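Below is one structure, written out as structure tokens, with a few remarks after it.
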Amino acid sequence: MTSAKKIAVLVSGGGTNLQALIDARNEGNLGGGELSLVVSSASGVYALERAKNAGIKTITIERNKYTQNSEFDSALAEVLLEHKIELIVLAGFLSVIGPRVTKVFENKIINVHPSLIPSFCGKGFYGLRVHKAVLEYGVKITGATVHFVNDIIDGGKIILQKAVEVLPDDTPESLQERVMREAEWVLLPKAVAMICRGEIF
């Protein structure tokens, strides 16, 4: 019997996507993966409380304490290697992952993005900014994408996508909520389970 794949979830805020992973774990739907570590780029965020309540070890590496991206990247890589992490999940992680981490953990980092890549993605597209752009452009369908992470922002191989309808009376906030509920919280645990079962690599 193979041992469970050790997963680290990287967070920066409330941790709603982390909660979706915790719920999937509790229901036995993570493909045997183990939520071993939650790393936050900021202290005092609610995602850390979610992790503690779920019995997951937490570490905070405050991004604003590092003047250089490379220094933060090295500190992050050191923690991930120390804990023998095999899969890294970016769940609302607002710091860009640098080459120190992407090279060491090549094809072992995934992210969920709140649009249908290649639309509304890349530098500057995160959080509510994505949904504002969707509404300003007037598209009728948006959604979410889970993809591997490489050195290009939102440029890694796509794993899963799910479409979500844009409604006429949507605000950025209502659209964000629906994309999370209908797509992000569905796709992210599913992708993690598929990777842990060896169906995607």
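All residue names refer to the structure tokens as shown: chains lettered A, B, ... in order, residues numbered from 1 in each chain, ligands numbered from 1 in order.
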Could you pull out all residues of chain A with a DSSP call of strand (DSSP E) and give them as a PyMOL selection string? chain A and resi 6-11+34-40+57-60+87-90+109-113+141-148+158-165
Can you tell me, as a PyMOL selection string, which residues in stretch 14-172 of chain A count as helix (DSSP H, G or I) by DSSP? chain A and resi 16-26+46-53+63-65+69-82+99-104+128-137+172
Which polymer residues have any atom within 9 Å of an atom of A:Phe105, counting only C-alpha atoms, with same-chain residues fewer than 5 positions away left out, as a VMD selection string? chain A and resid 77 86 to 88 100
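Shortest separation to A:Arg181 among A:Leu48, A:Ile109, A:Leu135, A:Ala144 occurs at residue A:Ala144, atoms counted being only C-alpha atoms.
If you measure from each of A:Ser12, A:Leu37, A:Glu27, A:Thr142 to A:Arg63 using only C-alpha atoms, the closest one turns out to be A:Ser12.
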Residues near stretch 184-194 of chain A, cut-off 10 Å, only C-alpha atoms, skip fewer than 3 positions along chain, as a PyMOL selection string: chain A and resi 7+16-25+28-33+87-91+110-115+143-147+159-162+176-181+197-201
Counting only C-alpha atoms, which residues of stretch 75-158 of chain A fall within 10 Å of stretch 163-172 of chain A, and what is the closest atom pair for each with its distance in Å at one decimal, ordered by chain and rising number, as CSV?
```
residue,atom,partner,partner_atom,distance
A:Ser115,CA,A:Ala163,CA,8.5
A:Leu116,CA,A:Ala163,CA,7.3
A:Gly127,CA,A:Pro172,CA,9.5
A:Leu128,CA,A:Pro172,CA,6.1
A:Arg129,CA,A:Pro172,CA,8.1
A:Val130,CA,A:Pro172,CA,8.3
A:His131,CA,A:Pro172,CA,5.0
A:Lys132,CA,A:Pro172,CA,5.2
A:Ala133,CA,A:Pro172,CA,8.7
A:Val134,CA,A:Pro172,CA,8.5
A:Leu135,CA,A:Pro172,CA,7.3
A:Glu136,CA,A:Pro172,CA,9.8
A:Gly138,CA,A:Val166,CA,8.8
A:Val139,CA,A:Val166,CA,7.3
A:Lys140,CA,A:Val166,CA,5.0
A:Ile141,CA,A:Glu165,CA,4.7
A:Thr142,CA,A:Val164,CA,5.2
A:Gly143,CA,A:Ala163,CA,4.2
A:Ala144,CA,A:Ala163,CA,6.8
A:Thr145,CA,A:Ala163,CA,9.0
```
Keeping only N, CA, C and O atoms, write the selected residues as a PDB file, in the first residue's frame.
```pdb
ATOM      1  N   SER A 115     -11.360  32.162 -13.663  1.00  0.00           N
ATOM      2  CA  SER A 115     -11.850  32.438 -15.023  1.00  0.00           C
ATOM      3  C   SER A 115     -11.507  31.236 -15.889  1.00  0.00           C
ATOM      4  O   SER A 115     -10.801  30.326 -15.455  1.00  0.00           O
ATOM      5  N   LEU A 116     -11.997  31.262 -17.108  1.00  0.00           N
ATOM      6  CA  LEU A 116     -11.672  30.208 -18.063  1.00  0.00           C
ATOM      7  C   LEU A 116     -10.410  30.616 -18.816  1.00  0.00           C
ATOM      8  O   LEU A 116     -10.462  31.339 -19.811  1.00  0.00           O
ATOM      9  N   GLY A 127      -8.598  37.745  -7.732  1.00  0.00           N
ATOM     10  CA  GLY A 127      -9.706  38.175  -6.881  1.00  0.00           C
ATOM     11  C   GLY A 127     -10.827  38.849  -7.653  1.00  0.00           C
ATOM     12  O   GLY A 127     -11.177  38.448  -8.765  1.00  0.00           O
ATOM     13  N   LEU A 128     -11.364  39.911  -7.065  1.00  0.00           N
ATOM     14  CA  LEU A 128     -12.487  40.625  -7.675  1.00  0.00           C
ATOM     15  C   LEU A 128     -12.118  41.278  -8.999  1.00  0.00           C
ATOM     16  O   LEU A 128     -12.993  41.540  -9.823  1.00  0.00           O
ATOM     17  N   ARG A 129     -10.841  41.548  -9.211  1.00  0.00           N
ATOM     18  CA  ARG A 129     -10.409  42.166 -10.469  1.00  0.00           C
ATOM     19  C   ARG A 129     -10.830  41.326 -11.670  1.00  0.00           C
ATOM     20  O   ARG A 129     -11.195  41.845 -12.711  1.00  0.00           O
ATOM     21  N   VAL A 130     -10.751  40.003 -11.509  1.00  0.00           N
ATOM     22  CA  VAL A 130     -11.134  39.100 -12.594  1.00  0.00           C
ATOM     23  C   VAL A 130     -12.609  39.277 -12.920  1.00  0.00           C
ATOM     24  O   VAL A 130     -12.999  39.441 -14.081  1.00  0.00           O
ATOM     25  N   HIS A 131     -13.437  39.282 -11.906  1.00  0.00           N
ATOM     26  CA  HIS A 131     -14.885  39.334 -12.108  1.00  0.00           C
ATOM     27  C   HIS A 131     -15.334  40.708 -12.610  1.00  0.00           C
ATOM     28  O   HIS A 131     -16.274  40.800 -13.404  1.00  0.00           O
ATOM     29  N   LYS A 132     -14.656  41.754 -12.176  1.00  0.00           N
ATOM     30  CA  LYS A 132     -14.948  43.095 -12.712  1.00  0.00           C
ATOM     31  C   LYS A 132     -14.653  43.140 -14.206  1.00  0.00           C
ATOM     32  O   LYS A 132     -15.430  43.683 -14.993  1.00  0.00           O
ATOM     33  N   ALA A 133     -13.531  42.549 -14.592  1.00  0.00           N
ATOM     34  CA  ALA A 133     -13.152  42.545 -16.014  1.00  0.00           C
ATOM     35  C   ALA A 133     -14.142  41.725 -16.842  1.00  0.00           C
ATOM     36  O   ALA A 133     -14.508  42.113 -17.958  1.00  0.00           O
ATOM     37  N   VAL A 134     -14.592  40.610 -16.298  1.00  0.00           N
ATOM     38  CA  VAL A 134     -15.581  39.772 -16.982  1.00  0.00           C
ATOM     39  C   VAL A 134     -16.851  40.575 -17.266  1.00  0.00           C
ATOM     40  O   VAL A 134     -17.383  40.571 -18.380  1.00  0.00           O
ATOM     41  N   LEU A 135     -17.330  41.297 -16.245  1.00  0.00           N
ATOM     42  CA  LEU A 135     -18.561  42.076 -16.393  1.00  0.00           C
ATOM     43  C   LEU A 135     -18.363  43.267 -17.329  1.00  0.00           C
ATOM     44  O   LEU A 135     -19.242  43.587 -18.136  1.00  0.00           O
ATOM     45  N   GLU A 136     -17.217  43.919 -17.245  1.00  0.00           N
ATOM     46  CA  GLU A 136     -16.943  45.067 -18.120  1.00  0.00           C
ATOM     47  C   GLU A 136     -16.870  44.641 -19.584  1.00  0.00           C
ATOM     48  O   GLU A 136     -17.305  45.364 -20.475  1.00  0.00           O
ATOM     49  N   GLY A 138     -18.421  42.047 -20.845  1.00  0.00           N
ATOM     50  CA  GLY A 138     -19.744  41.625 -21.268  1.00  0.00           C
ATOM     51  C   GLY A 138     -19.863  40.183 -21.709  1.00  0.00           C
ATOM     52  O   GLY A 138     -20.813  39.820 -22.413  1.00  0.00           O
ATOM     53  N   VAL A 139     -18.914  39.331 -21.314  1.00  0.00           N
ATOM     54  CA  VAL A 139     -19.023  37.926 -21.699  1.00  0.00           C
ATOM     55  C   VAL A 139     -20.200  37.275 -20.971  1.00  0.00           C
ATOM     56  O   VAL A 139     -20.616  37.730 -19.898  1.00  0.00           O
ATOM     57  N   LYS A 140     -20.748  36.237 -21.543  1.00  0.00           N
ATOM     58  CA  LYS A 140     -21.927  35.572 -20.979  1.00  0.00           C
ATOM     59  C   LYS A 140     -21.571  34.325 -20.188  1.00  0.00           C
ATOM     60  O   LYS A 140     -22.391  33.815 -19.428  1.00  0.00           O
ATOM     61  N   ILE A 141     -20.362  33.818 -20.401  1.00  0.00           N
ATOM     62  CA  ILE A 141     -19.895  32.619 -19.700  1.00  0.00           C
ATOM     63  C   ILE A 141     -18.518  32.902 -19.106  1.00  0.00           C
ATOM     64  O   ILE A 141     -17.636  33.413 -19.783  1.00  0.00           O
ATOM     65  N   THR A 142     -18.365  32.568 -17.837  1.00  0.00           N
ATOM     66  CA  THR A 142     -17.051  32.616 -17.197  1.00  0.00           C
ATOM     67  C   THR A 142     -16.850  31.258 -16.520  1.00  0.00           C
ATOM     68  O   THR A 142     -17.384  30.264 -16.968  1.00  0.00           O
ATOM     69  N   GLY A 143     -16.072  31.199 -15.472  1.00  0.00           N
ATOM     70  CA  GLY A 143     -15.868  29.916 -14.807  1.00  0.00           C
ATOM     71  C   GLY A 143     -14.589  29.894 -14.012  1.00  0.00           C
ATOM     72  O   GLY A 143     -14.129  30.935 -13.532  1.00  0.00           O
ATOM     73  N   ALA A 144     -14.006  28.716 -13.860  1.00  0.00           N
ATOM     74  CA  ALA A 144     -12.753  28.557 -13.127  1.00  0.00           C
ATOM     75  C   ALA A 144     -11.890  27.517 -13.806  1.00  0.00           C
ATOM     76  O   ALA A 144     -12.385  26.658 -14.544  1.00  0.00           O
ATOM     77  N   THR A 145     -10.597  27.616 -13.548  1.00  0.00           N
ATOM     78  CA  THR A 145      -9.602  26.720 -14.142  1.00  0.00           C
ATOM     79  C   THR A 145      -8.632  26.257 -13.068  1.00  0.00           C
ATOM     80  O   THR A 145      -8.131  27.072 -12.291  1.00  0.00           O
TER      81      THR A 145
END
```
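For the pair atom CA of A:Asp154 and atom CA of A:Gly98, the separation is 13.0 Å.
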Among the residues A:Phe148, A:Val45, A:Ile153, A:Val104, the one that comes closest to A:Gly124 [using only C-alpha atoms]: A:Ile153
Write out as a PyMOL selection string which residues come within 12 Å of stretch 80-85 of chain A when counting only C-alpha atoms, dropping same-chain ones fewer than 6 positions away. chain A and resi 4-10+33-39+57-59+61+73-74+100-102+104-105+108-109
